[in-house]
Amino acid sequence: MSNWLNFDIDLPITDPTWIFFLVLMIILIAPMLLERLRIPHIVGMILAGVLVGTDGLNILERDSSFELFGKVGLYYIMFLAGLEMDMEDFKKNRVKGLVFGLFTFSIPMILGIWSSMEFLGYSITTSVLLASMYASHTLIAYPIVSRYGLSRLRSVSITIGGTAITVVLALLVLAVIAGMYKGEINQMFWISLCVKVALVCFVLIYFLPRMGRWFFRTYDDNIMQFIFVLAMVFLGGGLFELAGLEGILGAFIVGLVLNRLIPNLSPLMNRLEFVGNALFIPYFLIGVGMIIDVRTLFTGGEALKVAVVMTIVATVSKWLAAWLTQKCFRLQRNERSLIFGLSNAQAAATLAAVLIGNKIEISPGVQLLNDDVLNGTVVMILFTCIISSLVTERAARNIITSDELDGLVEKPKEEEKILIPIANPETIENLMGMALLMKDSKRKDGIIALSVINDNNDSDASLARSKRSLEQTVKIGASADVKVDTAIRFDMSIASGIIHTLKEYNASEVIIGLHKKASIVDTFLGSLTENLLKGTYRQIMIVKSLMPVNTLRKIVVAVPPKAEYEAGFFKWIERLCRMGLQLGIRMQFYAHPNTMKYLRGYIHQKYSGVRGEYLELDNWDDLLLVTKDLSYDHLLVIVTGRRGFVSYDKSFDRLPIQISQYFNNNSLMILVPDQYGDPEENISFSDPWLHSESQTYERVGRWFNKLYKKKTQ
């Protein structure tokens, strides 16, 4: 019995089960404790690493698992930074990013070389390497920005662009100094480095988007897509390491390349962020804390002096870079704070430089960077990470608060609720994909999935199928962190069931799949859609998707004359612009010159980041002109109008034939915008017998259908 009560615990713990358990408990408990102290979670992870590390309570040793997961976490931070970046904003601010990158590299280099020689008495070579460590930084506080939903701010884009520049330059300094002591610096060194880096960049930028687009079209399994993306991240990192630079640059470039294939509001993006923020990034932060020996602060001597000088110079130089960037481009104070907060943390490249410099011997037994610099570096990492997290958290909160107080966030005029009638299980994923791209990204709800059961059918079997379909929509929404409301309705007519649900939920629009012809007398849109168009004046989008939405390369929009006079003109522009921004693809508008003025003006004012092209289409009869710019991986959007309204044109009657003949192999959306009024309360003067005419056509159609069946039997 005594053997059962005898527990031998040797510290540090080496059993993998207990190591993983303790790490998970740190990830779970640290945020809970520090939330009450208003300390950012990131700082908590680093401090927890200091506490449990060998230089703290000696509970855990920084073994190979921390090195592996730590590297994954570091790659993840850089990958997510590239993946979540607003590419159009990045292009718009590329000059600002370049200027900030030069500031945040040159200022720490100048101050670093001067302070190392003046206060620490180091040689010029040691001072240059030390200064390059100040110049580089790690976006360790980026998860804070992402959590607040500010990853697409211009200040964030400027910081990320500058980060790429300063890290590349700092790593080049490291490569040159390391090569000097290995005797590798010659003309061939530079030629080889440039050729290898150029070749790796070409492979990633040219082949990876094509490979990704093919993979996402071919395989829709969620796990396979996640593993593919993760594999590409490490492929990019590995290729850059082979080229002689740090793999974090490769992970960042992979994020930029896959940016347009993984929309910000998509299940895949949610999974990538979830796994990274839940496991890999915290593992990395705990590992950073474990290499920090706080005792060096209290032992006095040279180590404390080095730590103080390094921390002050690194922090001041990064603040000066952010301040100069603010003054040059007239940024707001909170934007400056956000740039400084994101760029102040020292971790990845700094660790690489100090570890390499510590191994290089300039003479027998004399290291290029001695142990005092090594200890000073880890202390600098601790303080810069704490400052970075605190400043970023405060700046992000101030931006959110100021936006709300100053009314900078535009409030929608109506509550957005997208109704998706579910009929065919095969179209659920594509319809949900469209809805997620069009909805307001700040809202975590606003989608209603509806299944209408005809009372004439076998109710029990239909009810079971409807529940399965609605469960699928809820899962897709949950995977994108969006709550989907569901409704099952019994009705004599599916169209009337949709119309009544529209009114009950006060839905703002409907997304429905394109009807598949069941017989030769069926119309192109189908009787369901036509009855829906006659029964409501809400915006209706009829969609036919031939491929996953995230693999589209362009959206081509055909707009009829006088469309600007319809009530829902700006509403449908807003929905399409959201889709274009989420996917990061070009949008090509064909419209009448008079309509074009309103179209271009609204997009320029509200959605300046859209990559828009505007081409004139004087006559709607010339719709076939859009075929010259249309490819199989483009989405064609045809904006039409209801009969009797100002934008209606008699040529709309020929649309079904034109679409069937010329656009049958394209992904398609027929968009009918909002109109004023309620069809059940108003009768159009131009078409007073519309309802009875429809019933007559349906009776004639059923008669021809019966006649056709008799002849074929």
# chains A, B, ... in the order shown; residues from 1 in each chain; ligands from 1
$ residues_around --residues "range 24-26 of chain A" --least-positions-apart "4" --cutoff "8 Å" --atoms "only C-alpha atoms" --output "ChimeraX atom specification"
/A:20,30,45,48
$ residues_around --residues "Asn370 in chain A" --least-positions-apart "3" --cutoff "6 Å" --atoms "only C-alpha atoms" --output "ChimeraX atom specification"
/A:358,367,373
$ select_by_dssp --residues "range 39-121 of chain A" --states "alpha helix (DSSP H)" --output "CSV table (one decimal) with C-alpha atoms, in the first residue's frame"
chain,number,residue,atom,x,y,z
A,41,HIS,CA,-2.5,37.6,-22.3
A,42,ILE,CA,0.7,37.6,-24.2
A,43,VAL,CA,2.6,39.1,-21.3
A,44,GLY,CA,1.1,36.4,-19.1
A,45,MET,CA,2.4,33.6,-21.3
A,46,ILE,CA,5.9,35.0,-21.2
A,47,LEU,CA,5.9,35.6,-17.5
A,48,ALA,CA,4.5,32.0,-17.0
A,49,GLY,CA,7.4,30.8,-19.0
A,50,VAL,CA,9.9,32.7,-16.8
A,51,LEU,CA,8.2,31.2,-13.7
A,52,VAL,CA,8.2,27.5,-14.7
A,64,SER,CA,12.7,19.8,-28.2
A,65,SER,CA,8.9,20.1,-27.9
A,66,PHE,CA,9.3,23.8,-27.0
A,67,GLU,CA,11.7,24.3,-29.9
A,68,LEU,CA,9.3,22.5,-32.3
A,69,PHE,CA,6.1,24.2,-31.2
A,70,GLY,CA,7.9,27.4,-30.7
A,71,LYS,CA,9.0,27.5,-34.3
A,72,VAL,CA,5.5,26.6,-35.5
A,73,GLY,CA,4.1,29.4,-33.3
A,74,LEU,CA,6.7,31.9,-34.7
A,75,TYR,CA,5.8,30.9,-38.3
A,76,TYR,CA,2.2,31.2,-37.4
A,77,ILE,CA,2.5,34.8,-36.2
A,78,MET,CA,4.2,35.9,-39.4
A,79,PHE,CA,1.8,33.8,-41.6
A,80,LEU,CA,-1.3,35.2,-40.0
A,81,ALA,CA,0.1,38.7,-40.4
A,82,GLY,CA,0.4,38.2,-44.1
A,83,LEU,CA,-2.9,36.3,-44.4
A,87,MET,CA,-3.8,43.8,-49.8
A,88,GLU,CA,-5.3,46.8,-51.4
A,89,ASP,CA,-4.5,48.9,-48.3
A,90,PHE,CA,-1.0,47.4,-48.3
A,91,LYS,CA,-0.5,48.5,-51.9
A,92,LYS,CA,-1.9,51.9,-51.1
A,94,ARG,CA,3.5,50.6,-49.6
A,95,VAL,CA,5.4,53.9,-49.8
A,96,LYS,CA,4.6,54.5,-46.1
A,97,GLY,CA,5.6,51.0,-45.2
A,98,LEU,CA,8.9,51.4,-47.1
A,99,VAL,CA,9.6,54.6,-45.3
A,100,PHE,CA,8.8,53.2,-41.9
A,101,GLY,CA,10.9,50.1,-42.7
A,102,LEU,CA,13.9,52.3,-43.4
A,103,PHE,CA,13.3,54.4,-40.3
A,104,THR,CA,12.8,51.4,-38.0
A,105,PHE,CA,16.1,49.9,-39.4
A,106,SER,CA,18.4,52.9,-39.7
A,107,ILE,CA,17.5,54.6,-36.4
A,108,PRO,CA,18.2,51.5,-34.2
A,109,MET,CA,21.3,50.8,-36.3
A,110,ILE,CA,22.7,54.4,-35.7
A,111,LEU,CA,21.8,54.6,-32.0
A,112,GLY,CA,22.8,50.9,-31.5
A,113,ILE,CA,26.3,51.3,-32.9
A,114,TRP,CA,26.9,54.6,-31.1
A,115,SER,CA,25.7,53.3,-27.7
A,116,SER,CA,27.5,50.0,-27.9
A,117,MET,CA,30.8,51.7,-28.6
A,118,GLU,CA,30.3,54.6,-26.2
$ atom_distance --atom1 "CA of Leu120 in chain A" --atom2 "CA of Ile360 in chain A"
19.3 Å
$ closest_residue --among "A:Ala131, A:Leu528, A:Val474, A:Ala141" --to "Ile281 in chain A" --atoms "only C-alpha atoms"
A:Ala141
$ residues_around --residues "Phe340 in chain A" --least-positions-apart "3" --cutoff "8 Å" --atoms "only C-alpha atoms" --output "list of chain:residue names"
A:Lys318, A:Trp319, A:Ala321, A:Ala322, A:Arg336, A:Ser337, A:Ser343, A:Asn344, A:Ser388, A:Val391, A:Thr392
$ residues_around --residues "Arg465 in chain A" --least-positions-apart "3" --cutoff "12 Å" --atoms "only C-alpha atoms" --output "PyMOL selection string"
chain A and resi 422-425+451-453+458-462+468-472+488
$ residues_around --residues "Leu615 in chain A" --least-positions-apart "4" --cutoff "10 Å" --atoms "only C-alpha atoms" --output "PyMOL selection string"
chain A and resi 558+588-593+596+626
